[in-house]
Amino acid sequence: MEKKEEEIKFFVTTPIYYVNDQPHIGHAYTTVAADILSRYNRMKGKKVFFLTGTDEHGQKVQSAAAQKNRSPKEHADLMVENYKALWRKLNISYNAFIRTTDEQHKKVVQEILQKLWEKKEIEKRTYSGWYCTPDERFWTGKDLVEGKCPDCGRPVEHIEEENYFFLMSKYRQRLIHYIEENPTYILPETRRNEVLGFLKSQPLGDLCISRPKKRLSWGIPLPFDEDFVTYVWFDALVNYYSATRYLAPALNGQWWPADHHLIGKDILTTHAVYWSTMLMALDMPLPRNMFAHGWWTVEGRKMSKSLGNVVNPGEVAEKYSTDALRYFLFREVSFGLDGDFSETALINRINTDLANDFGNLASRTLKMLQKYFDSEVPEPEETEKEMQALAEAIAEKVETHLRYLQFQKALEEIWKLVSYVNKYIDTNAPWALAKDPDRKGRLKTVLYSVSESLRFLSLYLHPFIPEATEKLWQALGFSYSVSEANLKEETKWGRLTPGTKVKSLKALFPRIEPKQKPEKGEPKMEEKENLISIEEFAKVELKTGKVLHAEKVKGSKKLIRLEVDTGEKRQIVAGIGDSYSPEELIGKTIIVVTNLKPAKLMGVESHGMLLAATDSDGKPSIVTTERDVRAGVRVK
Ligand code: MSP
C-alpha cells in the first residue's frame, strides 16, 4: 500500500527571530518544541525538515547597526551567532537555518512579488496614516491610544506617501470559510476562535507591503519598482516556503506545505491572516497547522528588558542542564497556555520528577543488575503482562498527544510508567528476593522487567531529554544511538536481550539543594532577592558630565535635550523640564550613565541618562558632585 504524504515527511518551522534581540526563554520555548516534534518524527522513520532562522531586514536592524557603525549585514552576521550558539547548547537538531539576507531567499521573495503583481493582486496607492517607526506598522487615527502607537505606546508620525498594497481584503470570506472547514488549522481552539471573531467582526483591510527606500533602505527591493523595499513581515513569512527551495533535504516530491508553524500568540494574526491570504493569492496550499503557544512570565511578572528579568536560557541550561530546562518547559504548562518561570519551580521539577522518579529509577536498577547479576541482563522466568501492556500502550497515546502538540499530556502518560515501575520495585523488593536462593527466578523476572521498562522510557523520553536518555540507552548496552532507534519496531516488549552487558551510570539528574529559606523575620542580607554583586554594579558606567548646552525638546513639556561633556561630547534627553529651565542647567556637573543603550524619546536620540532623585512632589532633583570635578571622571 502506498504511504500517504504525512507518513513519509514532516516539516516543522519556528518563527524566524529578529537578529536584534538577545535570545530569551520565549525563543527557546518554540525552538525546543519544534525539536521535540522533529526528534519524535525522525524516530518514527519520517524524513524531517526542521527549519529555524533569523529575520534580518527592517528598521530596527538598520538603526541598531547604524548606532554601532556597522552595515546592517555586518550587524546581522554578528548577532546571528547568538542564536546558533544557543541552539547548540540546547541540543536543537534543526536541519536548516534560514537568514532573510540569503540571496536565494531574496530571489524567491521577488519572484512571489512579481507573480502577485502580474496577477493584479498588488496595487499602488496613496496612503495617509500614522506610522510607528520602531514597530514598522501603520495605524489609522482610530487605532491610536492617546495619540500613541496602540501596541508599544511610543509616538507615531503622520505620513502621506505612495505605497504598494496586497489586496488582502477580498480573501476575508474565503479565509473564514477555510478556518471553519479545517478545525485544526489554527490551534489551540481558543486562538482559532479569536481569529474567527476578529475576521467576522470587522472588515479586513489591504496590506501595505512596501516601504519607500528614502525612508528605509534595508530590505528587499520590489522587483517592479526599485524605489521601494518589501515590508519586513511579507519578506519574513515567505521564508517558510523559500527555504523549501534551497535549504531542504532531498525528497521525492515537495516539502511544501509545512505540517506545523509553531509561533507565539502575539504573532498569530500575521500568520493566520497575512500568510494564509498570501498563499491563497498565490494558489498555493496552506500549511496543515499553525499553533500559537502562550507566553512565559518570570516570577509572576512580564519579562522585559526594563525590569531586568529576561531569562537567558543558555545560563539556565548551564546551571541546571539542558535536559532539565527542556523538560521543565514542557512539563510545567500546557502548550498554548501562559506559564510562569521561576528557579524554585524548576528546582522542584528537577528534584521530584527527574532526580527522584526517573534518575533514581535508572541508577538503582543498574546498580542492582551489577550487584545481583554481574551487570548482565537476566533471563526472565515469565512476562509481566501488566507492565508490558502499560509500556506498549504509551506509544499510541504519545502519538495522539503530539499530533495536537500536547507535550504536557504526553509526558504525563510516560510518567505513568515511571511511577508504576517505581512502585513495582518497592513492592517486589529485589533486595529481599536476592537474599533467598529459592527466589532467584523471581528476582530475574523483576530486574528484567524493570530494565526493559527503562529501555521503553529512553525511547519515549528521548525527544524531550535527549542527553540523559542517550546515556541511559548506552548504559543498557546498545551500541547505536537511541536517536537512530525506530519507535514502531522498538516499542515491543522483550527486545532487551538477556545476557546483554550493562554499564554503570552516574546520576542522570543530581538533586539540587533548594535555596535555604531564612528561619523567620527579615531575609538575611545576602538572600534579599534584589541584591546585586559588586561585579554587576561595576557594569554600570557612571561618569561626571558638564552640561554644555540645554534646550526643550519640541512638543514636550518635560523633556530637555542636553549636550554634555563626559570626556566625549554626547546628547542625552532627560525628563526634568518640570524642575529646571534649560538655562540653569548649563555649566552644571551632573552624573551620567554612559554605557546605556541609546533610546529615542519623542524622536530625539538619547545616549545615556542623568541621575536624579524624584521626591513625592514629583519634581526631580539632579545629582551633582559635592566639589568641582572634571568632566568624564568615573563615579564609583
Ligand atoms: N521576526 C518575527 C517573527 C517572524 S516569523 C515569519 C518575530 N521575532 S521575535 O524575535 O520577536 O520572536 C518572537 C517569538 O518569541 C514569538 O513567537 C513570540 O511569541 C516569542 N516570545 C517573545 N516573548 C515571549 C515570552 N515571554 N514567552 C514565550 N514566547 C515569547 O516576532
# chains A, B, ... in the order shown; residues from 1 in each chain; ligands from 1

call {"tool": "residues_near_ligand", "arguments": {"ligand": "ligand 1", "cutoff": "6 Å", "atoms": "only C-alpha atoms and all ligand atoms", "output": "count of residues only"}}
result
18

call {"tool": "select_by_dssp", "arguments": {"residues": "stretch 67-253 of chain A", "states": "strand (DSSP E)", "output": "ChimeraX atom specification"}}
result
/A:96-99,122-132,137-139,157-166,186-187,207-208,210-212,221-222,225-230

call {"tool": "residues_around", "arguments": {"residues": "A:Leu454", "least_positions_apart": "5", "cutoff": "10 Å", "atoms": "only C-alpha atoms", "output": "short mmCIF file (atom, residue, chain, number, x, y, z; two decimals) with C-alpha atoms, in the first residue's frame"}}
result
data_model
loop_
_atom_site.label_atom_id
_atom_site.label_comp_id
_atom_site.auth_asym_id
_atom_site.auth_seq_id
_atom_site.Cartn_x
_atom_site.Cartn_y
_atom_site.Cartn_z
CA PHE A 358 13.29 8.91 36.79
CA LEU A 361 14.93 4.55 38.98
CA ALA A 362 17.66 4.30 36.36
CA THR A 365 18.20 -0.57 38.54
CA LEU A 366 21.67 -0.54 37.05
CA ALA A 391 4.64 0.24 28.34
CA LEU A 417 5.18 4.01 33.53
CA VAL A 418 7.86 5.69 35.68
CA VAL A 421 7.87 0.73 37.84
CA TYR A 448 14.49 -7.95 33.57
CA SER A 449 11.09 -6.22 33.54
CA LEU A 459 12.74 5.73 23.69
CA TYR A 460 9.69 7.72 24.72
CA THR A 469 18.17 9.16 27.54
CA LEU A 472 20.72 5.51 29.75
CA TRP A 473 20.40 3.78 26.37
CA LEU A 476 21.63 -0.57 28.78
CA LEU A 496 16.20 -6.22 25.52
#

call {"tool": "residues_around", "arguments": {"residues": "stretch 426-440 of chain A", "least_positions_apart": "3", "cutoff": "12 Å", "atoms": "only C-alpha atoms", "output": "list in words"}}
result
Leu361, Arg364, Thr365, Lys367, Met368, Leu369, Lys371, Tyr372, Phe373, Pro378, Glu379, Pro380, Glu381, Ser419, Tyr420, Val421, Asn422, Lys423, Leu443, Lys444, Thr445, Val446, Leu447, Tyr448, Ser449 and Val450 of chain A

call {"tool": "select_by_dssp", "arguments": {"residues": "stretch 529-613 of chain A", "states": "alpha helix (DSSP H)", "output": "PyMOL selection string"}}
result
chain A and resi 534-538+582-585

call {"tool": "write_last_selection", "arguments": {"atoms": "C-alpha atoms", "output": "PDB file, in the first residue's frame"}}
result
ATOM      1  CA  ILE A 534      29.874  44.265  43.010  1.00  0.00           C
ATOM      2  CA  GLU A 535      30.654  42.843  39.541  1.00  0.00           C
ATOM      3  CA  GLU A 536      27.115  43.550  38.416  1.00  0.00           C
ATOM      4  CA  PHE A 537      27.304  47.086  39.776  1.00  0.00           C
ATOM      5  CA  ALA A 538      30.620  47.591  38.014  1.00  0.00           C
ATOM      6  CA  PRO A 582      17.413  74.795  30.177  1.00  0.00           C
ATOM      7  CA  GLU A 583      19.433  77.905  31.068  1.00  0.00           C
ATOM      8  CA  GLU A 584      20.034  76.963  34.696  1.00  0.00           C
ATOM      9  CA  LEU A 585      21.399  73.578  33.662  1.00  0.00           C
TER      10      LEU A 585
END

call {"tool": "closest_residue", "arguments": {"among": "A:Lys558, A:Arg630, A:Lys89, A:Lys60", "to": "A:Val316", "atoms": "only C-alpha atoms"}}
result
A:Lys89

call {"tool": "atom_distance", "arguments": {"atom1": "atom CA of A:Leu207", "atom2": "atom CA of A:Phe165"}}
result
5.2 Å

call {"tool": "closest_residue", "arguments": {"among": "A:Ala243, A:Val238, A:Leu559, A:Ile122", "to": "A:Cys208", "atoms": "only C-alpha atoms"}}
result
A:Ile122

call {"tool": "residues_around", "arguments": {"residues": "stretch 145-147 of chain A", "least_positions_apart": "6", "cutoff": "9 Å", "atoms": "only C-alpha atoms", "output": "list in words"}}
result
Gly153, Pro155 and Val156 of chain A

call {"tool": "write_last_selection", "arguments": {"atoms": "N, CA, C and O atoms", "output": "short mmCIF file (atom, residue, chain, number, x, y, z; two decimals), in the first residue's frame"}}
result
data_model
loop_
_atom_site.label_atom_id
_atom_site.label_comp_id
_atom_site.auth_asym_id
_atom_site.auth_seq_id
_atom_site.Cartn_x
_atom_site.Cartn_y
_atom_site.Cartn_z
N GLY A 153 3.00 52.04 22.61
CA GLY A 153 2.85 53.28 23.37
C GLY A 153 3.82 54.38 22.97
O GLY A 153 3.88 55.43 23.61
N PRO A 155 5.51 57.34 20.35
CA PRO A 155 4.92 58.33 19.46
C PRO A 155 4.86 57.83 18.01
O PRO A 155 5.70 57.03 17.60
N VAL A 156 3.85 58.30 17.29
CA VAL A 156 3.72 57.92 15.88
C VAL A 156 3.88 59.16 15.02
O VAL A 156 3.76 60.27 15.50
#

call {"tool": "residues_around", "arguments": {"residues": "stretch 78-88 of chain A", "least_positions_apart": "3", "cutoff": "12 Å", "atoms": "only C-alpha atoms", "output": "NGL selection string"}}
result
:A and (16-25 or 27-32 or 34-35 or 52-56 or 61 or 64-65 or 68 or 70-75 or 91-101 or 312-318 or 322)

call {"tool": "closest_residue", "arguments": {"among": "A:Lys600, A:Trp493, A:Leu37, A:Ile179", "to": "A:Thr383", "atoms": "only C-alpha atoms"}}
result
A:Trp493

call {"tool": "residues_around", "arguments": {"residues": "stretch 126-133 of chain A", "least_positions_apart": "3", "cutoff": "8 Å", "atoms": "only C-alpha atoms", "output": "list in words"}}
result
Gln59, Glu136, Arg137, Phe138, Trp139, Thr140, Gly141, Cys149, Arg154, Pro155, Val156, Glu157, His158, Ile159, Glu160, Glu161, Glu162 and Asn163 of chain A

call {"tool": "atom_distance", "arguments": {"atom1": "atom CA of A:Val573", "atom2": "atom CA of A:Glu605"}}
result
7.3 Å

call {"tool": "decode", "arguments": {"residues": "stretch 618-636 of chain A", "atoms": "C-alpha atoms", "output": "PDB file, in the first residue's frame"}}
result
ATOM      1  CA  GLY A 618       7.190  64.507  41.535  1.00  0.00           C
ATOM      2  CA  LYS A 619       9.899  67.100  40.889  1.00  0.00           C
ATOM      3  CA  PRO A 620      13.258  65.602  40.042  1.00  0.00           C
ATOM      4  CA  SER A 621      16.384  66.968  41.653  1.00  0.00           C
ATOM      5  CA  ILE A 622      19.538  66.180  39.730  1.00  0.00           C
ATOM      6  CA  VAL A 623      22.543  64.532  41.358  1.00  0.00           C
ATOM      7  CA  THR A 624      25.733  66.553  41.258  1.00  0.00           C
ATOM      8  CA  THR A 625      29.188  66.352  42.896  1.00  0.00           C
ATOM      9  CA  GLU A 626      29.928  67.945  46.214  1.00  0.00           C
ATOM     10  CA  ARG A 627      33.152  69.555  44.948  1.00  0.00           C
ATOM     11  CA  ASP A 628      34.026  70.654  41.476  1.00  0.00           C
ATOM     12  CA  VAL A 629      35.234  67.652  39.478  1.00  0.00           C
ATOM     13  CA  ARG A 630      36.497  67.451  35.899  1.00  0.00           C
ATOM     14  CA  ALA A 631      34.197  66.106  33.171  1.00  0.00           C
ATOM     15  CA  GLY A 632      34.494  62.396  32.314  1.00  0.00           C
ATOM     16  CA  VAL A 633      35.617  61.133  35.742  1.00  0.00           C
ATOM     17  CA  ARG A 634      34.339  57.648  36.617  1.00  0.00           C
ATOM     18  CA  VAL A 635      31.886  57.640  39.553  1.00  0.00           C
ATOM     19  CA  LYS A 636      32.149  54.549  41.751  1.00  0.00           C
TER      20      LYS A 636
END
